[in-house]
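Next up, my_file_2.cif (mmCIF, C-alpha atoms and all ligand atoms):
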data_input
loop_
_atom_site.group_PDB
_atom_site.id
_atom_site.type_symbol
_atom_site.label_atom_id
_atom_site.label_comp_id
_atom_site.auth_asym_id
_atom_site.auth_seq_id
_atom_site.Cartn_x
_atom_site.Cartn_y
_atom_site.Cartn_z
ATOM 1 C CA MET A 1 13.285 -1.092 -24.027
ATOM 2 C CA ASP A 2 13.492 -3.106 -27.198
ATOM 3 C CA LYS A 3 14.926 -6.329 -25.681
ATOM 4 C CA LEU A 4 13.960 -5.954 -22.042
ATOM 5 C CA HIS A 5 10.779 -7.945 -22.670
ATOM 6 C CA LEU A 6 13.118 -10.955 -22.543
ATOM 7 C CA LEU A 7 13.064 -10.567 -18.754
ATOM 8 C CA ARG A 8 9.379 -11.534 -18.952
ATOM 9 C CA LEU A 9 8.285 -9.243 -16.156
ATOM 10 C CA ARG A 10 4.758 -10.095 -14.944
ATOM 11 C CA PHE A 11 3.994 -6.685 -13.469
ATOM 12 C CA PRO A 12 3.875 -3.344 -15.325
ATOM 13 C CA VAL A 13 6.764 -0.878 -15.265
ATOM 14 C CA VAL A 14 6.289 2.852 -14.741
ATOM 15 C CA ILE A 15 9.220 5.076 -15.763
ATOM 16 C CA THR A 16 9.578 8.664 -14.555
ATOM 17 C CA TYR A 17 12.317 11.262 -14.962
ATOM 18 C CA LYS A 18 13.687 13.497 -12.238
ATOM 19 C CA HIS A 19 16.374 16.127 -11.774
ATOM 20 C CA ASN A 20 19.139 15.626 -9.191
ATOM 21 C CA LEU A 21 18.206 12.068 -8.417
ATOM 22 C CA LYS A 22 19.316 10.935 -4.973
ATOM 23 C CA TRP A 23 19.419 7.457 -3.467
ATOM 24 C CA LYS A 24 18.262 7.485 0.168
ATOM 25 C CA GLY A 25 17.919 11.237 -0.158
ATOM 26 C CA LYS A 26 21.649 11.913 -0.253
ATOM 27 C CA HIS A 27 23.639 9.786 -2.680
ATOM 28 C CA ALA A 28 23.616 11.111 -6.269
ATOM 29 C CA CYS A 29 22.594 8.380 -8.695
ATOM 30 C CA SER A 30 21.393 8.055 -12.275
ATOM 31 C CA GLY A 31 18.587 5.547 -11.730
ATOM 32 C CA LEU A 32 16.386 4.138 -8.975
ATOM 33 C CA TYR A 33 14.166 1.070 -8.744
ATOM 34 C CA GLU A 34 11.243 0.672 -6.353
ATOM 35 C CA TRP A 35 8.427 -1.879 -6.056
ATOM 36 C CA ASP A 36 5.089 -0.112 -5.564
ATOM 37 C CA LYS A 37 3.205 -2.724 -3.556
ATOM 38 C CA HIS A 38 -0.061 -0.742 -3.546
ATOM 39 C CA ASN A 39 -0.288 -0.479 -7.341
ATOM 40 C CA ARG A 40 1.720 -3.691 -7.918
ATOM 41 C CA THR A 41 3.980 -1.924 -10.352
ATOM 42 C CA HIS A 42 7.701 -1.518 -10.819
ATOM 43 C CA THR A 43 8.679 2.130 -10.638
ATOM 44 C CA ILE A 44 11.879 3.219 -12.302
ATOM 45 C CA THR A 45 13.142 6.766 -11.885
ATOM 46 C CA VAL A 46 15.808 8.017 -14.285
ATOM 47 C CA GLU A 47 17.855 11.142 -13.871
ATOM 48 C CA MET A 48 16.749 13.750 -16.392
ATOM 49 C CA GLY A 49 19.175 15.169 -18.936
ATOM 50 C CA ARG A 50 21.095 11.987 -19.688
ATOM 51 C CA SER A 51 21.817 10.987 -23.276
ATOM 52 C CA SER A 52 19.399 8.554 -24.899
ATOM 53 C CA VAL A 53 22.092 5.856 -24.842
ATOM 54 C CA ASP A 54 22.731 6.431 -21.130
ATOM 55 C CA THR A 55 19.011 6.452 -20.427
ATOM 56 C CA ARG A 56 18.523 3.149 -22.274
ATOM 57 C CA ASN A 57 21.269 1.529 -20.179
ATOM 58 C CA ILE A 58 20.033 3.018 -16.897
ATOM 59 C CA ILE A 59 16.522 1.694 -17.574
ATOM 60 C CA ALA A 60 17.925 -1.732 -18.494
ATOM 61 C CA HIS A 61 19.892 -1.782 -15.210
ATOM 62 C CA GLU A 62 16.725 -1.088 -13.225
ATOM 63 C CA TYR A 63 14.725 -3.674 -15.207
ATOM 64 C CA ILE A 64 17.159 -6.307 -13.954
ATOM 65 C CA HIS A 65 16.335 -5.213 -10.395
ATOM 66 C CA ALA A 66 12.644 -5.518 -11.248
ATOM 67 C CA TRP A 67 13.310 -9.086 -12.374
ATOM 68 C CA GLN A 68 15.188 -9.800 -9.123
ATOM 69 C CA CYS A 69 12.206 -8.457 -7.194
ATOM 70 C CA GLU A 70 9.740 -10.672 -9.077
ATOM 71 C CA GLN A 71 11.961 -13.697 -8.423
ATOM 72 C CA GLY A 72 11.992 -12.874 -4.711
ATOM 73 C CA LEU A 73 15.723 -12.229 -4.868
ATOM 74 C CA LYS A 74 17.617 -9.553 -2.948
ATOM 75 C CA LEU A 75 18.233 -6.459 -5.073
ATOM 76 C CA SER A 76 21.988 -6.632 -5.666
ATOM 77 C CA HIS A 77 24.732 -6.378 -8.284
ATOM 78 C CA GLY A 78 25.986 -9.908 -7.703
ATOM 79 C CA LEU A 79 26.344 -12.850 -10.079
ATOM 80 C CA VAL A 80 22.714 -12.987 -11.199
ATOM 81 C CA PHE A 81 22.732 -9.279 -12.002
ATOM 82 C CA LYS A 82 26.072 -9.680 -13.817
ATOM 83 C CA TRP A 83 24.659 -12.576 -15.859
ATOM 84 C CA TRP A 84 21.737 -10.508 -17.105
ATOM 85 C CA ALA A 85 23.910 -7.430 -17.719
ATOM 86 C CA GLU A 86 26.347 -9.459 -19.822
ATOM 87 C CA PHE A 87 23.468 -11.158 -21.639
ATOM 88 C CA PHE A 88 22.101 -7.781 -22.817
ATOM 89 C CA ASN A 89 25.541 -6.223 -23.314
ATOM 90 C CA ASN A 90 26.927 -9.094 -25.383
ATOM 91 C CA ASN A 91 23.813 -9.904 -27.398
ATOM 92 C CA TYR A 92 21.927 -6.627 -27.836
ATOM 93 C CA GLY A 93 24.472 -3.836 -27.673
ATOM 94 C CA TYR A 94 23.621 -2.525 -24.251
ATOM 95 C CA SER A 95 26.292 -1.186 -21.938
ATOM 96 C CA ILE A 96 24.722 -1.922 -18.581
ATOM 97 C CA SER A 97 26.891 -0.948 -15.646
ATOM 98 C CA ARG A 98 26.830 -2.841 -12.356
ATOM 99 C CA ILE A 99 27.157 0.403 -10.471
ATOM 100 C CA GLN A 100 24.579 3.119 -10.864
HETATM 101 ZN ZN ZN B 1 21.526 -1.232 -9.251
#
Step by step, read the file and then write its structure as structure tokens.
Amino acid sequence: MDKLHLLRLRFPVVITYKHNLKWKGKHACSGLYEWDKHNRTHTITVEMGRSSVDTRNIIAHEYIHAWQCEQGLKLSHGLVFKWWAEFFNNNYGYSISRIQ
């Protein structure tokens, strides 16, 4: 999470790890982002058992969604997401994928 502070998130991030992570209960995925409106926190769930490099990139991917949420933007992998992914990939050695 060394450079993700550059996203200047206002709300805290809670990261948990889970086996067999599924999006919408059926699609296998490596990371999930959710806004917890009760606790006003960003919750990121990462699939357990991934390498530390993979985990770093999965978390970075979800942080970009957290930023989109704080900006009131739709959670997507469009141009804004691509801009942030390339910013971290090109400047800080991440390898953030647009698909997760
Ligand atoms: Zn995503």
Long-range neighbours of A:Lys3 as a list of chain:residue names, 12 Å cut-off, only C-alpha atoms, 4 positions minimum in chain
A:Leu7, A:Arg8, A:Leu9, A:Arg56, A:Asn57, A:Ile59, A:Ala60, A:Tyr63, A:Ile64, A:Trp84, A:Phe87, A:Phe88, A:Asn89, A:Asn91, A:Tyr92, A:Gly93, A:Tyr94
Using C-alpha atoms, can you write the selected residues to a file as a PDB file, in the frame of the given file?
ATOM      1  CA  LEU A   7      13.064 -10.567 -18.754  1.00  0.00           C
ATOM      2  CA  ARG A   8       9.379 -11.534 -18.952  1.00  0.00           C
ATOM      3  CA  LEU A   9       8.285  -9.243 -16.156  1.00  0.00           C
ATOM      4  CA  ARG A  56      18.523   3.149 -22.274  1.00  0.00           C
ATOM      5  CA  ASN A  57      21.269   1.529 -20.179  1.00  0.00           C
ATOM      6  CA  ILE A  59      16.522   1.694 -17.574  1.00  0.00           C
ATOM      7  CA  ALA A  60      17.925  -1.732 -18.494  1.00  0.00           C
ATOM      8  CA  TYR A  63      14.725  -3.674 -15.207  1.00  0.00           C
ATOM      9  CA  ILE A  64      17.159  -6.307 -13.954  1.00  0.00           C
ATOM     10  CA  TRP A  84      21.737 -10.508 -17.105  1.00  0.00           C
ATOM     11  CA  PHE A  87      23.468 -11.158 -21.639  1.00  0.00           C
ATOM     12  CA  PHE A  88      22.101  -7.781 -22.817  1.00  0.00           C
ATOM     13  CA  ASN A  89      25.541  -6.223 -23.314  1.00  0.00           C
ATOM     14  CA  ASN A  91      23.813  -9.904 -27.398  1.00  0.00           C
ATOM     15  CA  TYR A  92      21.927  -6.627 -27.836  1.00  0.00           C
ATOM     16  CA  GLY A  93      24.472  -3.836 -27.673  1.00  0.00           C
ATOM     17  CA  TYR A  94      23.621  -2.525 -24.251  1.00  0.00           C
TER      18      TYR A  94
END
Going by the chain IDs and residue numbers used in this file, which residues fall under the PyMOL selection byres (((chain A and resi 30-33) around 12) and not hetatm)? Write them as number ranges by chain.
A: 13-25, 27-29, 34-36, 41-51, 54-69, 75-76, 96-100
Tell me, in Å to one decimal, how far atom CA of A:Lys82 is from atom CA of A:Pro12.
23.1 Å
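Proximity ranking of A:Leu6, A:Ala85, A:Asn90, A:Phe11 relative to ligand ZN 1 (chain B) places A:Ala85 first, based on all atoms listed in the file.
Rounded to one decimal, atom CA of A:His38 and atom CA of A:Phe81 lie 25.8 Å from each other.
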Can you measure atom CA of A:Gln71 to atom CA of A:Ser95 for me? One decimal in Å is fine.
23.3 Å
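Proximity ranking of A:Arg40, A:His77, A:Arg10, A:His5 relative to ligand ZN 1 (chain B) places A:His77 first, based on all atoms listed in the file.
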Using all atoms listed in the file: which of A:Glu70, A:Lys26, A:Gly78, A:Ser52 has the shortest distance to ligand ZN 1 (chain B)
A:Gly78
Which of A:Glu86, A:Val53, A:Asn39, A:Lys74 sits closest to ligand ZN 1 (chain B) [using only C-alpha atoms and all ligand atoms]:
A:Lys74
